[in-house]
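**Q** First the structure, then my questions, so here it is.
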Number of protein chains: 2
Amino acid sequence: MGSQKFIEKPIPVDEAVKRTIEATKPVKETLIVPILESVGMVLAEDVKAPYDFPPRPRSAYDGYAIRSDDTPGRLRIVGEATIGTLNRSLRLEPGTAIYVSTGAYLPEGADAVVPEEIGAKNGYIEVERKVNKWENVDPPGFYVRKGSTLLPKGYVLTMLDAVALLDVAVVRVKVYRKVRAAIIVTGNELFEPTGMDDEDKIIVNGMVAETTGKLVEWFIKRYTPWVEITTRILVPDHPDTVAWYIEKTAHLNDIILMTGGTGPSTVDTFYQVADRLNGKLLFRGLYVRGGRPTSALALDGGKLLIALSGHPISALHAAIRYLYPVLKYVGNVRRASEPPVTTYVKLMEGYRSKRPEPIKVKLCVSNGVYYATPLPKERQLSSVIASNTEADAIILTEGREHQKGEMLPAMVYREPQPC
Amino acid sequence: MGSQKFIEKPIPVDEAVKRTIEATKPVKETLIVPILESVGMVLAEDVKAPYDFPPRPRSAYDGYAIRSDDTPGRLRIVGEATIGTLNRSLRLEPGTAIYVSTGAYLPEGADAVVPEEIGAKNGYIEVERKVNKWENVDPPGFYVRKGSTLLPKGYVLTMLDAVALLDVAVVRVKVYRKVRAAIIVTGNELFEPTGMDDEDKIIVNGMVAETTGKLVEWFIKRYTPWVEITTRILVPDHPDTVAWYIEKTAHLNDIILMTGGTGPSTVDTFYQVADRLNGKLLFRGLYVRGGRPTSALALDGGKLLIALSGHPISALHAAIRYLYPVLKYVGNVRRASEPPVTTYVKLMEGYRSKRPEPIKVKLCVSNGVYYATPLPKERQLSSVIASNTEADAIILTEGREHQKGEMLPAMVYREPQPC
């Protein structure tokens, strides 16, 4: 289907993203979910305040609800109205006070609160000064006005949003269904480690513990919570078998992520799989170092087959630069909760990269600035996966000479130490 | 038990942390777990490489394993040795070549690899130049040397570490058991929202959806993965009942987190609960704005009762500043994976805070610098929970006047937009 074995002209990441989103469509289906289940999902419409909130005046302190007109004066305590209870028969008559707790609706007739610290004596409080109307009271609509937009369509709901919405009686929201993605891991050399008798497989037989698919899964769960991984399956390097799994999986998913087999060698499967599928090759190769053979195919109905490197950091690199914006598009995301790269770090030494590259760095922090020292070049090789433990973050270079002191974006995975 | 109702002299956060860790002990128990289950846990000993890795020379490319002494020359292809297979009968005789895939162990007799691109013809390859010994080969120990320290004791294992360790045949690690924490949520006004018929409870009755306990749980799961929440339970504002739950829960947990009831009012339970428990008050009140009534009690056996505000952002504030270092100490953490506050932001306007305070800000990013604009003062009030949706991050002030342009640490919860 117009696929190609060799990776001759890798295209820039932006162009790859553009081609991919032109070939697919964002998720259309929506559902209405309780707020606490909506965290990580994408709003399908603006969230508007359903009520003035608070809907009635609310006490801002633990204290006594009073009538400001009664002050100064001596007031008799006639009852209590704590938060969460509403006693409609309780009405504040002139010359009386009612104990209220913070957040409680003011009893009918009350228009101010004096804090509890005033002290009660024999069932009376003594208010010595004139209290203003609405003093220590949150008036109706003080938190939000009915109809005001609380969060716009396309925003990913965060836990802090959920807490806010529930407080003002937004209890359900309309969200897009999650993007569905399958991960198909290829590689005859791979096995699923159990922690029990894996050493022989690795040391004696030269087999490899499957980690790339798991790292991609971790990335998606961690940074794109609007995406659901429906399957992660290990399949052999057999083009017919891989193509069969992709076909069987496609109708359940929006995106199929394949790891491994992306190179141009005899043993690589992607280009052979692509030949067997009814799809259109979007690109074959990214202009990056680390993830260069990344490729994508548009399948029937705008579904995507995205092939990532079998090397974990190379796959992660493509996930950060290329997959993330694609998943935002397919998920209808205008603003995400937390992108994979949220920190900028200052280079402690110059670094020359011919192509955009992920560089493993050590980090330290001083006066609000992160300083990044790259690991030696030979520890950056994609085969040297072990050097992850020597680094604290991965920074993203552009394809040029970077000077000492430049700020670069980083995915931080370990607490930085003081410099 | 020496507890106190009023919060008269709140102490600085550092002093509160110091008193707390002096009154408790880090977790001692360790266990051995498979690597993939260890992510988020704390290493109880240094991880050392168990083998030189690779243990045998490994091909760095898809290509042909050869004897460098045979080059230049024409070599007959006699077999293949792909990664993950080890055919001990396969030996490279003079004048021959064996197809190898990237990462495959070199067959006996081979000492170099020529990449596949050289091309094969009629079962032969033609090597036109002299190939050096170990060319395109990762020699034994190239990734790690046996006995070298890969990660030190006290580090929290990240997913990137797991990927690295599995690659070099570290398949299990010794970690501390997780810190066990219970969350006891107090408040008669609270209810667990379902998303179904919550509006009436909130609007008509003035009840409050429980979110503070859930936010604390989210914080712990998200930023302190070495802590396990064993229980989150909602209990009434009845001191005997709360004390009963704490006693029943204490033996299962290292830390009991109570939310709500921390104030000095008649309706507040903490000081009354503290009177009923056999414990020592560590402090009553933090020198902060937002979380001021935070208090802690040392129970028998070094267990802790930590009482957090019932206001969500106030509880979160205390969690970031006070609880986080305490959880690190109890969990034996020297270096965490991702602290709650990893980004520094530049203040776009001056901000005066009398005490350390959490300020809700809008964020934008330009040239690797985050710029923070605080929401208006009245949107910062702890009762105005709804304003979470208006902000993108919470920044932590010190108790002083901050100038425009100062860098402050932030917990970012929404993707910043370009300025």
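Labels for the structure tokens follow display order: chains A, B, ..., residues from 1 in each chain, ligands from 1.
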Neighbouring residues of segment 145-162 of chain B were defined as those with any atom within 7 Å, considering only C-alpha atoms; residues of the same chain fewer than 4 positions away were excluded. Please report them as a PyMOL selection string.

**A** (chain A and resi 388-389+413) or (chain B and resi 35-36+38-53+141+166+332-337)

**Q** Could you list, as a PyMOL selection string, the residues of chain B having an atom within 7 Å of chain A when counting only C-alpha atoms?

**A** chain B and resi 34-35+55+62+83-86+104-105+143+150-151+158+160-161+163-169+171-172+188-189+194-195+198-199+202-203+205-209+211+265+335-339+343-344+368+384-389+407-408+413-415

**Q** Keeping C-alpha atoms, export the residues of the selection given above as an mmCIF file, in the first residue's frame.

**A**
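Result written to selection26.cif:
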data_model
loop_
_atom_site.group_PDB
_atom_site.id
_atom_site.type_symbol
_atom_site.label_atom_id
_atom_site.label_comp_id
_atom_site.auth_asym_id
_atom_site.auth_seq_id
_atom_site.Cartn_x
_atom_site.Cartn_y
_atom_site.Cartn_z
ATOM 1 C CA PRO B 34 9.815 -7.722 40.937
ATOM 2 C CA ILE B 35 11.048 -4.552 39.245
ATOM 3 C CA PRO B 55 27.615 -10.414 29.305
ATOM 4 C CA ASP B 62 21.285 -5.420 12.008
ATOM 5 C CA ILE B 83 18.365 -11.299 19.172
ATOM 6 C CA GLY B 84 16.845 -13.486 21.844
ATOM 7 C CA THR B 85 18.128 -16.734 20.366
ATOM 8 C CA LEU B 86 21.406 -18.412 21.188
ATOM 9 C CA ALA B 104 21.995 -10.253 19.285
ATOM 10 C CA TYR B 105 24.930 -11.950 20.944
ATOM 11 C CA TYR B 143 26.298 -0.782 29.416
ATOM 12 C CA LEU B 150 23.006 1.649 39.564
ATOM 13 C CA LEU B 151 20.768 3.340 42.103
ATOM 14 C CA THR B 158 10.808 5.583 38.622
ATOM 15 C CA LEU B 160 12.572 4.973 33.664
ATOM 16 C CA ASP B 161 14.683 3.249 36.301
ATOM 17 C CA VAL B 163 13.175 0.035 32.240
ATOM 18 C CA ALA B 164 16.907 0.514 32.787
ATOM 19 C CA LEU B 165 17.272 -2.139 35.469
ATOM 20 C CA LEU B 166 15.388 -4.805 33.549
ATOM 21 C CA ASP B 167 17.630 -4.213 30.576
ATOM 22 C CA VAL B 168 20.716 -5.216 32.536
ATOM 23 C CA ALA B 169 19.122 -8.216 34.260
ATOM 24 C CA VAL B 171 14.870 -8.302 37.955
ATOM 25 C CA ARG B 172 14.110 -7.812 41.645
ATOM 26 C CA ASN B 188 -21.485 16.281 59.737
ATOM 27 C CA GLU B 189 -22.168 18.511 56.748
ATOM 28 C CA THR B 194 -22.652 10.194 43.452
ATOM 29 C CA GLY B 195 -23.353 12.473 40.528
ATOM 30 C CA ASP B 198 -26.500 15.644 44.848
ATOM 31 C CA GLU B 199 -27.853 19.085 43.913
ATOM 32 C CA ILE B 202 -26.042 21.050 48.302
ATOM 33 C CA ILE B 203 -28.526 23.738 47.295
ATOM 34 C CA ASN B 205 -29.836 21.627 52.628
ATOM 35 C CA GLY B 206 -26.487 23.368 52.487
ATOM 36 C CA MET B 207 -24.607 20.088 52.716
ATOM 37 C CA VAL B 208 -21.120 19.838 51.272
ATOM 38 C CA ALA B 209 -19.701 17.236 48.883
ATOM 39 C CA THR B 211 -13.624 16.643 48.529
ATOM 40 C CA SER B 265 -14.802 26.220 67.963
ATOM 41 C CA ARG B 335 15.308 11.326 46.555
ATOM 42 C CA ALA B 336 11.744 11.201 45.382
ATOM 43 C CA SER B 337 10.542 10.752 41.843
ATOM 44 C CA GLU B 338 8.484 13.863 41.425
ATOM 45 C CA PRO B 339 7.904 16.388 44.181
ATOM 46 C CA THR B 343 8.328 24.346 38.552
ATOM 47 C CA TYR B 344 9.431 27.879 39.374
ATOM 48 C CA GLY B 368 11.260 28.874 28.808
ATOM 49 C CA VAL B 384 -13.915 30.459 47.416
ATOM 50 C CA ILE B 385 -13.052 26.956 46.289
ATOM 51 C CA ALA B 386 -14.653 27.586 42.888
ATOM 52 C CA SER B 387 -11.727 29.789 41.878
ATOM 53 C CA ASN B 388 -9.571 26.679 41.377
ATOM 54 C CA THR B 389 -11.083 26.545 37.902
ATOM 55 C CA MET B 407 10.766 33.351 41.162
ATOM 56 C CA LEU B 408 8.457 31.239 43.337
ATOM 57 C CA TYR B 413 -2.136 21.642 37.447
ATOM 58 C CA ARG B 414 -3.014 22.972 34.012
ATOM 59 C CA GLU B 415 -1.028 23.224 30.817
#

**Q** In Å, with one decimal, what is the gap from atom CA of Asp14 of chain B to atom CA of Arg232 of chain B?

**A**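 Computed distance, atom CA of Asp14 of chain B to atom CA of Arg232 of chain B, equals 27.5 Å.
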
**Q** DSSP on the backbone, then: every residue of segment 32-98 of chain A marked strand (DSSP E), written as a list in words.

**A**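 Filtering segment 32-98 of chain A to strand (DSSP E) leaves Ile32, Val33, Pro34, Val47, Lys48, Arg58, Ser59, Gly63, Tyr64, Ala65, Ile66, Gly73, Arg74, Leu75, Arg76, Ile77, Val78, Gly79, Glu80, Ala81, Thr96, Ala97 and Ile98 of chain A.
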
**Q** Once chain B sits on chain A after a least-squares Cα superposition, all atoms in order, what's the RMSD?

**A**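 It comes to 0.0 Å after superposition.
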
**Q** Can you list, as a count of residues only, every residue of segment 22-263 of chain A that DSSP puts in alpha helix (DSSP H)?

**A** 44
